[in-house]
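S.K.: Input: one structure, supplied below.
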Amino acid sequence: MKIITILRGISRFLIVAVLACFVFYLGGEAGYQVKYRLEIWKINKAMEKFNQSIIEMFEKDTYGGATPEETYNMFVDALKNEDVDLAVKYFVLDPDRQARYQKQFDDLKEQGKLKEYGEEWPKWEEFKQIKDEENDWENRATIEHTYYRSQEQTVDLPNGAGGYLKTVLPAGEYVDYAPVFVKNSNNVWKIENL
């Protein structure tokens, strides 16, 4: 009889222990799920805020013209006026690209060559409009300026690192400017590449 009483006591203890472990597990799992869902909610709120700031940034991006020609002329005027900040705003909203051109134009300005650089750009009428499967002139437009070099000439070309490299150009036909324009979501033409 004593053994039966001891076994019943041990069984009750084991049942209570198993139930306690189960309740403890359920409480831990519930706490984890609440914490997990709260973190997901915070991440979603942060993403919504980030996405909204991107949308607002694009909505405010109104620098440029109604045509590629207008944007081009405003860009060249900004260079001639040595207004680097304004010139860079005519590029598509791409921080890396804008920073690269900002540095290039700042370097030219420091060297006292930015105004001259702006004055070197041809007039719009001197460009040839490229019309092909990529350039529909509804959303994307490319222009190029070609010229003929009658004799070999040594020139200083930008090396991409802010400096210049002496280069010998043989006689022949050259494309010296080929800007690409794209229309943004505000129907404003922006410079994609120079």
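Please note that chains go A, B, ... in the order of the structure tokens, that every chain numbers its residues from 1, and that ligands are numbered from 1 in the order shown.
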Go through range 14-183 of chain A and collect every residue that DSSP, computed from the backbone, puts in alpha helix (DSSP H); the answer should be as number ranges by chain.

M.R.: A: 14-59, 68-80, 84-89, 95-110, 114-120

S.K.: Tell me, in Å to one decimal, how far CA of Glu134 in chain A is from CA of Asn184 in chain A.

M.R.: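 It comes out at 15.9 Å.
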
S.K.: Measuring between only C-alpha atoms, which one of A:Leu26, A:Ala46, A:Ala17, A:Leu93 shows the shortest distance to Ser185 in chain A?

M.R.: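 When distances to Ser185 in chain A are compared using only C-alpha atoms, the smallest one comes from A:Leu93.
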
S.K.: Would you pick out the contacts of Gly118 in chain A at 7 Å or less, using only C-alpha atoms, so that residues sharing its chain but fewer than 6 positions from it are not included, and give the list as a ChimeraX atom specification?

M.R.: /A:76,79-80

S.K.: Within 12 Å of Asp106 in chain A, counting only C-alpha atoms, which residues show up once you throw out same-chain ones fewer than 6 positions away? Write them as a PyMOL selection string, please.

M.R.: chain A and resi 79+82-88+98-100+112-115+117+162

S.K.: List as a PyMOL selection string the protein and nucleic acid residues near Asp61 in chain A, meaning an atom at most 12 Å away when only C-alpha atoms are counted, but skip any in the same chain fewer than 5 places from it.

M.R.: chain A and resi 54-56+88-94+183-190

S.K.: Where does DSSP see strand (DSSP E or B) in range 54-161 of chain A, if you list the residues as a ChimeraX atom specification?

M.R.: /A:65,91,128-130,140-149,153-158

S.K.: The selected residues should be written to file as a PDB file, in the first residue's frame (atoms: N, CA and C atoms).

M.R.:
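To be explicit, this is the file written out as result.pdb:
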```pdb
ATOM      1  N   GLY A  65      13.275  70.406 -68.035  1.00  0.00           N
ATOM      2  CA  GLY A  65      12.337  71.061 -68.928  1.00  0.00           C
ATOM      3  C   GLY A  65      11.266  70.116 -69.446  1.00  0.00           C
ATOM      4  N   PHE A  91      20.287  66.120 -63.558  1.00  0.00           N
ATOM      5  CA  PHE A  91      20.516  64.695 -63.775  1.00  0.00           C
ATOM      6  C   PHE A  91      19.415  63.887 -63.094  1.00  0.00           C
ATOM      7  N   LYS A 128      22.681  66.011 -83.525  1.00  0.00           N
ATOM      8  CA  LYS A 128      21.871  65.111 -84.345  1.00  0.00           C
ATOM      9  C   LYS A 128      21.017  64.289 -83.376  1.00  0.00           C
ATOM     10  N   GLN A 129      19.720  64.215 -83.640  1.00  0.00           N
ATOM     11  CA  GLN A 129      18.840  63.423 -82.788  1.00  0.00           C
ATOM     12  C   GLN A 129      18.907  61.961 -83.217  1.00  0.00           C
ATOM     13  N   ILE A 130      19.128  61.092 -82.255  1.00  0.00           N
ATOM     14  CA  ILE A 130      19.178  59.657 -82.529  1.00  0.00           C
ATOM     15  C   ILE A 130      17.770  59.100 -82.317  1.00  0.00           C
ATOM     16  N   ARG A 140      12.598  58.607 -73.821  1.00  0.00           N
ATOM     17  CA  ARG A 140      14.058  58.547 -73.848  1.00  0.00           C
ATOM     18  C   ARG A 140      14.548  59.212 -75.128  1.00  0.00           C
ATOM     19  N   ALA A 141      15.624  59.983 -74.993  1.00  0.00           N
ATOM     20  CA  ALA A 141      16.152  60.708 -76.149  1.00  0.00           C
ATOM     21  C   ALA A 141      17.670  60.808 -76.044  1.00  0.00           C
ATOM     22  N   THR A 142      18.329  60.580 -77.164  1.00  0.00           N
ATOM     23  CA  THR A 142      19.778  60.729 -77.228  1.00  0.00           C
ATOM     24  C   THR A 142      20.118  61.671 -78.367  1.00  0.00           C
ATOM     25  N   ILE A 143      21.081  62.536 -78.103  1.00  0.00           N
ATOM     26  CA  ILE A 143      21.590  63.431 -79.140  1.00  0.00           C
ATOM     27  C   ILE A 143      23.097  63.241 -79.191  1.00  0.00           C
ATOM     28  N   GLU A 144      23.668  63.525 -80.352  1.00  0.00           N
ATOM     29  CA  GLU A 144      25.123  63.459 -80.428  1.00  0.00           C
ATOM     30  C   GLU A 144      25.650  64.565 -81.317  1.00  0.00           C
ATOM     31  N   HIS A 145      26.831  64.990 -80.955  1.00  0.00           N
ATOM     32  CA  HIS A 145      27.513  66.040 -81.698  1.00  0.00           C
ATOM     33  C   HIS A 145      28.754  65.415 -82.316  1.00  0.00           C
ATOM     34  N   THR A 146      28.840  65.463 -83.634  1.00  0.00           N
ATOM     35  CA  THR A 146      30.019  64.919 -84.307  1.00  0.00           C
ATOM     36  C   THR A 146      30.799  66.056 -84.950  1.00  0.00           C
ATOM     37  N   TYR A 147      32.059  65.841 -85.070  1.00  0.00           N
ATOM     38  CA  TYR A 147      32.909  66.820 -85.741  1.00  0.00           C
ATOM     39  C   TYR A 147      34.036  66.067 -86.433  1.00  0.00           C
ATOM     40  N   TYR A 148      34.687  66.726 -87.362  1.00  0.00           N
ATOM     41  CA  TYR A 148      35.780  66.107 -88.099  1.00  0.00           C
ATOM     42  C   TYR A 148      37.091  66.758 -87.688  1.00  0.00           C
ATOM     43  N   ARG A 149      38.061  65.943 -87.318  1.00  0.00           N
ATOM     44  CA  ARG A 149      39.392  66.424 -86.952  1.00  0.00           C
ATOM     45  C   ARG A 149      40.280  66.185 -88.170  1.00  0.00           C
ATOM     46  N   GLN A 153      45.921  65.388 -83.135  1.00  0.00           N
ATOM     47  CA  GLN A 153      46.029  66.436 -82.117  1.00  0.00           C
ATOM     48  C   GLN A 153      46.166  65.789 -80.739  1.00  0.00           C
ATOM     49  N   THR A 154      46.988  66.388 -79.892  1.00  0.00           N
ATOM     50  CA  THR A 154      47.128  65.936 -78.508  1.00  0.00           C
ATOM     51  C   THR A 154      46.180  66.768 -77.652  1.00  0.00           C
ATOM     52  N   VAL A 155      45.333  66.076 -76.876  1.00  0.00           N
ATOM     53  CA  VAL A 155      44.331  66.764 -76.050  1.00  0.00           C
ATOM     54  C   VAL A 155      44.394  66.218 -74.626  1.00  0.00           C
ATOM     55  N   ASP A 156      43.877  66.997 -73.684  1.00  0.00           N
ATOM     56  CA  ASP A 156      43.725  66.558 -72.295  1.00  0.00           C
ATOM     57  C   ASP A 156      42.307  66.039 -72.133  1.00  0.00           C
ATOM     58  N   LEU A 157      42.174  64.756 -71.813  1.00  0.00           N
ATOM     59  CA  LEU A 157      40.862  64.154 -71.591  1.00  0.00           C
ATOM     60  C   LEU A 157      40.711  63.802 -70.117  1.00  0.00           C
ATOM     61  N   PRO A 158      39.487  63.970 -69.560  1.00  0.00           N
ATOM     62  CA  PRO A 158      39.289  63.588 -68.152  1.00  0.00           C
ATOM     63  C   PRO A 158      39.606  62.112 -67.960  1.00  0.00           C
TER      64      PRO A 158
END
```

S.K.: In Å, rounded to a single decimal, give me how far CA of Asp77 in chain A is from CA of Gly163 in chain A.

M.R.: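 Distance reported for this atom pair: 23.7 Å.
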
S.K.: Find, counting only C-alpha atoms, the residue in A:Lys131, A:Arg8, A:Lys166, A:Lys123 that gets nearest to Glu70 in chain A.

M.R.: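 With only C-alpha atoms as the atom set, the closest residue is A:Lys123.
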